[in-house]
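K.L.:
Below is the file input26.cif, with mmCIF, C-alpha atoms.
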data_final
loop_
_atom_site.group_PDB
_atom_site.id
_atom_site.type_symbol
_atom_site.label_atom_id
_atom_site.label_comp_id
_atom_site.auth_asym_id
_atom_site.auth_seq_id
_atom_site.Cartn_x
_atom_site.Cartn_y
_atom_site.Cartn_z
ATOM 1 C CA MET G 1 -6.460 0.713 1.459
ATOM 2 C CA ALA G 2 -3.051 0.769 -0.211
ATOM 3 C CA GLU G 3 -1.367 -0.912 2.741
ATOM 4 C CA THR G 4 -4.251 -3.285 3.463
ATOM 5 C CA VAL G 5 -5.193 -4.479 -0.012
ATOM 6 C CA PHE G 6 -1.851 -3.982 -1.767
ATOM 7 C CA GLY G 7 0.530 -4.464 1.170
ATOM 8 C CA PHE G 8 1.362 -8.031 0.225
ATOM 9 C CA ALA G 9 2.992 -6.803 -2.993
ATOM 10 C CA GLN G 10 5.806 -5.056 -1.097
ATOM 11 C CA GLU G 11 6.325 -8.091 1.130
ATOM 12 C CA SER G 12 6.583 -10.469 -1.815
ATOM 13 C CA SER G 13 10.012 -11.723 -2.754
ATOM 14 C CA GLY G 14 8.958 -13.002 -6.149
ATOM 15 C CA ASP G 15 5.862 -13.373 -8.282
ATOM 16 C CA VAL G 16 3.165 -11.235 -6.658
ATOM 17 C CA GLY G 17 0.393 -13.186 -8.403
ATOM 18 C CA LYS G 18 1.442 -16.311 -6.507
ATOM 19 C CA VAL G 19 1.430 -14.888 -2.955
ATOM 20 C CA PRO G 20 -0.769 -17.208 -0.821
ATOM 21 C CA VAL G 21 -4.255 -16.018 0.143
ATOM 22 C CA GLU G 22 -3.267 -16.267 3.823
ATOM 23 C CA ARG G 23 -0.892 -13.313 3.333
ATOM 24 C CA ARG G 24 -3.484 -11.112 1.602
ATOM 25 C CA HIS G 25 -6.604 -9.100 2.349
ATOM 26 C CA ILE G 26 -9.918 -10.265 0.876
ATOM 27 C CA VAL G 27 -12.156 -7.304 0.052
ATOM 28 C CA SER G 28 -15.820 -7.958 0.862
ATOM 29 C CA VAL G 29 -18.976 -5.984 1.564
ATOM 30 C CA ARG G 30 -19.868 -8.513 4.247
ATOM 31 C CA ARG G 31 -18.863 -7.812 7.835
ATOM 32 C CA ARG G 32 -16.636 -10.830 8.318
ATOM 33 C CA SER G 33 -13.121 -11.231 9.598
ATOM 34 C CA GLN G 34 -10.351 -12.210 7.214
ATOM 35 C CA GLU G 35 -10.258 -15.617 8.876
ATOM 36 C CA GLN G 36 -13.982 -16.100 8.234
ATOM 37 C CA LEU G 37 -13.656 -14.933 4.614
ATOM 38 C CA ARG G 38 -10.763 -17.325 4.009
ATOM 39 C CA ALA G 39 -12.938 -20.163 5.290
ATOM 40 C CA ASP G 40 -15.899 -18.974 3.197
ATOM 41 C CA ILE G 41 -14.009 -18.950 -0.103
ATOM 42 C CA THR G 42 -13.131 -22.633 0.271
ATOM 43 C CA TRP G 43 -16.835 -23.319 -0.371
ATOM 44 C CA SER G 44 -16.760 -21.475 -3.697
ATOM 45 C CA PRO G 45 -17.566 -23.777 -6.631
ATOM 46 C CA LYS G 46 -14.732 -21.989 -8.452
ATOM 47 C CA TYR G 47 -12.225 -22.104 -5.612
ATOM 48 C CA ASN G 48 -9.419 -23.570 -7.722
ATOM 49 C CA GLU G 49 -9.922 -21.138 -10.611
ATOM 50 C CA HIS G 50 -10.509 -17.963 -8.571
ATOM 51 C CA TRP G 51 -8.820 -18.259 -5.197
ATOM 52 C CA ARG G 52 -5.724 -20.475 -5.477
ATOM 53 C CA PRO G 53 -2.613 -18.569 -6.566
ATOM 54 C CA GLU G 54 -0.727 -21.863 -6.355
ATOM 55 C CA ALA G 55 -2.818 -23.081 -9.312
ATOM 56 C CA GLN G 56 -2.742 -19.871 -11.375
ATOM 57 C CA ASP G 57 -1.844 -16.239 -10.700
ATOM 58 C CA VAL G 58 -4.383 -14.304 -8.630
ATOM 59 C CA TRP G 59 -3.695 -10.572 -8.428
ATOM 60 C CA LEU G 60 -6.591 -9.139 -6.380
ATOM 61 C CA LEU G 61 -9.137 -10.708 -4.035
ATOM 62 C CA ILE G 62 -12.635 -9.215 -4.132
ATOM 63 C CA GLU G 63 -15.389 -11.521 -2.946
ATOM 64 C CA GLU G 64 -18.725 -11.628 -4.738
ATOM 65 C CA PRO G 65 -21.001 -12.175 -1.721
ATOM 66 C CA LEU G 66 -23.813 -13.995 -3.505
ATOM 67 C CA ASN G 67 -21.856 -16.784 -5.139
ATOM 68 C CA GLY G 68 -18.382 -16.695 -3.570
ATOM 69 C CA GLU G 69 -16.498 -15.971 -6.779
ATOM 70 C CA ASN G 70 -13.504 -13.653 -6.967
ATOM 71 C CA VAL G 71 -14.752 -10.755 -9.099
ATOM 72 C CA ALA G 72 -11.169 -9.526 -9.501
ATOM 73 C CA ARG G 73 -10.059 -12.782 -11.121
ATOM 74 C CA CYS G 74 -9.733 -11.034 -14.490
ATOM 75 C CA VAL G 75 -7.060 -8.615 -13.200
ATOM 76 C CA ARG G 76 -3.638 -9.424 -14.615
ATOM 77 C CA SER G 77 -0.165 -8.180 -13.752
ATOM 78 C CA GLU G 78 -0.283 -5.000 -15.852
ATOM 79 C CA GLY G 79 -3.715 -4.072 -14.503
ATOM 80 C CA PHE G 80 -2.736 -4.817 -10.915
ATOM 81 C CA TRP G 81 0.271 -2.476 -11.013
ATOM 82 C CA ALA G 82 -1.756 0.240 -12.809
ATOM 83 C CA ILE G 83 -4.551 0.054 -10.192
ATOM 84 C CA LYS G 84 -2.019 0.096 -7.352
ATOM 85 C CA LYS G 85 -0.307 3.219 -8.749
ATOM 86 C CA GLU G 86 -3.646 5.014 -9.220
ATOM 87 C CA VAL G 87 -4.721 4.196 -5.641
ATOM 88 C CA GLU G 88 -1.406 5.499 -4.310
ATOM 89 C CA ARG G 89 -1.721 8.666 -6.407
ATOM 90 C CA ALA G 90 -5.276 9.274 -5.143
ATOM 91 C CA ARG G 91 -4.163 8.746 -1.539
ATOM 92 C CA ASP G 92 -1.268 11.189 -1.966
ATOM 93 C CA PHE G 93 -3.551 13.660 -3.764
ATOM 94 C CA PHE G 94 -6.063 13.678 -0.921
ATOM 95 C CA ASN G 95 -3.411 13.768 1.786
ATOM 96 C CA GLY G 96 -1.974 16.932 0.273
ATOM 97 C CA GLY G 97 -5.223 18.335 -1.106
ATOM 98 C CA ARG G 98 -6.802 21.538 0.007
ATOM 99 C CA ARG G 99 -10.351 21.415 1.213
ATOM 100 C CA ASP G 100 -13.049 23.739 -0.069
ATOM 101 C CA ASP G 101 -15.154 26.062 2.113
ATOM 102 C CA ASN G 102 -17.357 23.110 3.115
ATOM 103 C CA GLY G 103 -14.352 20.978 4.099
ATOM 104 C CA ALA G 104 -14.693 18.664 1.089
ATOM 105 C CA LEU G 105 -11.678 17.326 -0.744
ATOM 106 C CA PRO G 106 -11.236 18.213 -4.453
ATOM 107 C CA PHE G 107 -12.618 14.950 -5.844
ATOM 108 C CA THR G 108 -13.507 16.468 -9.224
ATOM 109 C CA ALA G 109 -9.945 17.723 -9.636
ATOM 110 C CA LEU G 110 -8.668 14.182 -9.064
ATOM 111 C CA LEU G 111 -11.007 12.846 -11.736
ATOM 112 C CA LYS G 112 -9.675 15.388 -14.235
ATOM 113 C CA LEU G 113 -6.093 14.120 -13.933
ATOM 114 C CA LYS G 114 -4.764 12.095 -16.851
ATOM 115 C CA PRO G 115 -4.388 8.365 -16.157
ATOM 116 C CA LEU G 116 -0.905 7.285 -15.104
ATOM 117 C CA SER G 117 -0.990 4.514 -17.686
ATOM 118 C CA THR G 118 -3.081 3.697 -20.694
ATOM 119 C CA ARG G 119 -3.804 0.618 -22.713
ATOM 120 C CA GLN G 120 -4.994 0.206 -26.229
ATOM 121 C CA GLN G 121 -8.752 0.393 -26.458
ATOM 122 C CA PRO G 122 -10.832 -1.724 -28.817
ATOM 123 C CA PRO G 123 -11.688 -0.067 -32.126
ATOM 124 C CA ASN G 124 -14.664 2.264 -31.956
ATOM 125 C CA GLY G 125 -17.892 0.372 -32.495
ATOM 126 C CA ILE G 126 -16.719 -3.083 -31.415
ATOM 127 C CA GLY G 127 -19.413 -4.607 -29.221
ATOM 128 C CA VAL G 128 -21.948 -1.902 -30.034
ATOM 129 C CA ARG G 129 -24.823 -2.474 -32.403
ATOM 130 C CA PRO G 130 -24.928 0.065 -35.229
ATOM 131 C CA GLY G 131 -27.235 2.869 -34.204
ATOM 132 C CA GLY G 132 -26.872 2.391 -30.442
ATOM 133 C CA ALA G 133 -27.157 -0.068 -27.612
ATOM 134 C CA TRP G 134 -28.119 -3.709 -27.964
ATOM 135 C CA GLN G 135 -31.792 -4.410 -27.639
ATOM 136 C CA ASN G 136 -33.597 -7.630 -26.777
ATOM 137 C CA ARG G 137 -35.799 -8.810 -29.604
#
In structure tokens, write the structure found in this file.
P.N.:
Amino acid sequence: MAETVFGFAQESSGDVGKVPVERRHIVSVRRRSQEQLRADITWSPKYNEHWRPEAQDVWLLIEEPLNGENVARCVRSEGFWAIKKEVERARDFFNGGRRDDNGALPFTALLKLKPLSTRQQPPNGIGVRPGGAWQNR
């Protein structure tokens, strides 16, 4: 995944968010070639906002199969590099990880590692109704 989804970042000679879609990998749950996916996204009603790095930075390409939007459109530079580093760390962890008696990799041990980077979180309680979750009334 690191080479497929993030490979364009190493090949970029400038602003990674502006690398053309043709040089990237579109992640999709649909069984379609990259060529087919590139054609499909041109039909998106939000093509200019979600899929055109020439218009505005686009850091990751993850297709929402029902409406053609890029669900990763909210990823920004800082988030992109943090995700990339975490994916690389997980890959390295599993490549060097010992398997248990059943041959499984130590997934729980990976989850217990501290994040490589952190960001400020919203104050406790923001977006939560006092006393618990929001309810429809």
K.L.:
Set the distance at 9 Å and use all atoms listed in the file: which residues neighbour Arg24 in chain G once local chain neighbours fewer than 4 positions away are removed? I'd like the list as a list in words.
P.N.:
Thr4, Val5, Phe6, Gly7, Phe8, Val19, Pro20, Gln34, Leu60 and Leu61 of chain G
K.L.:
Please provide as a list in words all residues within 10 Å of Gly97 in chain G, with the sequence filter that same-chain residues fewer than 3 positions apart are discarded (counting only C-alpha atoms).
P.N.:
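With the cut-off at 10 Å, the set is Ala90, Arg91, Asp92, Phe93, Phe94, Asp100, Ala104, Leu105, Pro106, Phe107, Ala109 and Leu110 of chain G.
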K.L.:
Kindly give the distance, in Å, that separates CA of Lys84 in chain G and CA of Arg38 in chain G, rounded to a single decimal.
P.N.:
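So the two atoms, CA of Lys84 in chain G and CA of Arg38 in chain G, lie 22.6 Å apart.
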K.L.:
Given all atoms listed in the file as the basis, pick out the residue of G:Gln56, G:Ser117, G:Ser28, G:Asn102 nearest to Lys85 in chain G.
P.N.:
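Closest residue, counting all atoms listed in the file: G:Ser117.
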K.L.:
Evaluated on this file, the PyMOL selection byres ((chain G and resi 69-81) around 12) picks out some residues - which ones are they, written as a PyMOL selection string?
P.N.:
chain G and resi 2+5-6+9-10+15-18+21+26-28+37-38+40-53+56-68+82-88+116-119
K.L.:
For the residues selected in the previous step, produce a file with C-alpha atoms as a tab-separated table (two decimals), in the coordinates of the input.
P.N.:
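File written: again_16.tsv
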chain	number	residue	atom	x	y	z
G	2	ALA	CA	-3.05	0.77	-0.21
G	5	VAL	CA	-5.19	-4.48	-0.01
G	6	PHE	CA	-1.85	-3.98	-1.77
G	9	ALA	CA	2.99	-6.80	-2.99
G	10	GLN	CA	5.81	-5.06	-1.10
G	15	ASP	CA	5.86	-13.37	-8.28
G	16	VAL	CA	3.16	-11.24	-6.66
G	17	GLY	CA	0.39	-13.19	-8.40
G	18	LYS	CA	1.44	-16.31	-6.51
G	21	VAL	CA	-4.26	-16.02	0.14
G	26	ILE	CA	-9.92	-10.26	0.88
G	27	VAL	CA	-12.16	-7.30	0.05
G	28	SER	CA	-15.82	-7.96	0.86
G	37	LEU	CA	-13.66	-14.93	4.61
G	38	ARG	CA	-10.76	-17.32	4.01
G	40	ASP	CA	-15.90	-18.97	3.20
G	41	ILE	CA	-14.01	-18.95	-0.10
G	42	THR	CA	-13.13	-22.63	0.27
G	43	TRP	CA	-16.84	-23.32	-0.37
G	44	SER	CA	-16.76	-21.48	-3.70
G	45	PRO	CA	-17.57	-23.78	-6.63
G	46	LYS	CA	-14.73	-21.99	-8.45
G	47	TYR	CA	-12.22	-22.10	-5.61
G	48	ASN	CA	-9.42	-23.57	-7.72
G	49	GLU	CA	-9.92	-21.14	-10.61
G	50	HIS	CA	-10.51	-17.96	-8.57
G	51	TRP	CA	-8.82	-18.26	-5.20
G	52	ARG	CA	-5.72	-20.48	-5.48
G	53	PRO	CA	-2.61	-18.57	-6.57
G	56	GLN	CA	-2.74	-19.87	-11.38
G	57	ASP	CA	-1.84	-16.24	-10.70
G	58	VAL	CA	-4.38	-14.30	-8.63
G	59	TRP	CA	-3.70	-10.57	-8.43
G	60	LEU	CA	-6.59	-9.14	-6.38
G	61	LEU	CA	-9.14	-10.71	-4.04
G	62	ILE	CA	-12.64	-9.22	-4.13
G	63	GLU	CA	-15.39	-11.52	-2.95
G	64	GLU	CA	-18.73	-11.63	-4.74
G	65	PRO	CA	-21.00	-12.18	-1.72
G	66	LEU	CA	-23.81	-14.00	-3.50
G	67	ASN	CA	-21.86	-16.78	-5.14
G	68	GLY	CA	-18.38	-16.70	-3.57
G	82	ALA	CA	-1.76	0.24	-12.81
G	83	ILE	CA	-4.55	0.05	-10.19
G	84	LYS	CA	-2.02	0.10	-7.35
G	85	LYS	CA	-0.31	3.22	-8.75
G	86	GLU	CA	-3.65	5.01	-9.22
G	87	VAL	CA	-4.72	4.20	-5.64
G	88	GLU	CA	-1.41	5.50	-4.31
G	116	LEU	CA	-0.90	7.28	-15.10
G	117	SER	CA	-0.99	4.51	-17.69
G	118	THR	CA	-3.08	3.70	-20.69
G	119	ARG	CA	-3.80	0.62	-22.71
K.L.:
Report, in Å to a single decimal, how far apart CA of Ala55 in chain G and CA of His25 in chain G are.
P.N.:
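Going from CA of His25 in chain G over to CA of Ala55 in chain G covers 18.6 Å.
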K.L.:
Mind pulling up the distance from CA of Gly103 in chain G to CA of Pro115 in chain G?
P.N.:
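Computed distance, CA of Pro115 in chain G to CA of Gly103 in chain G, equals 25.9 Å.
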K.L.:
For range 62-77 of chain G, what centre and edge lengths in Å (one decimal) does the axis-aligned box get once 8 Å is added on each side of all its listed atoms, as AutoDock Vina command-line options?
P.N.:
--center_x -12.0 --center_y -12.5 --center_z -8.2 --size_x 39.6 --size_y 24.6 --size_z 28.9
K.L.:
Under the rule that all atoms listed in the file are counted, which of G:Leu113, G:Arg30, G:Ala39, G:Glu22 is the nearest residue to Glu54 in chain G?
P.N.:
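Closest to Glu54 in chain G of all the choices is G:Glu22.
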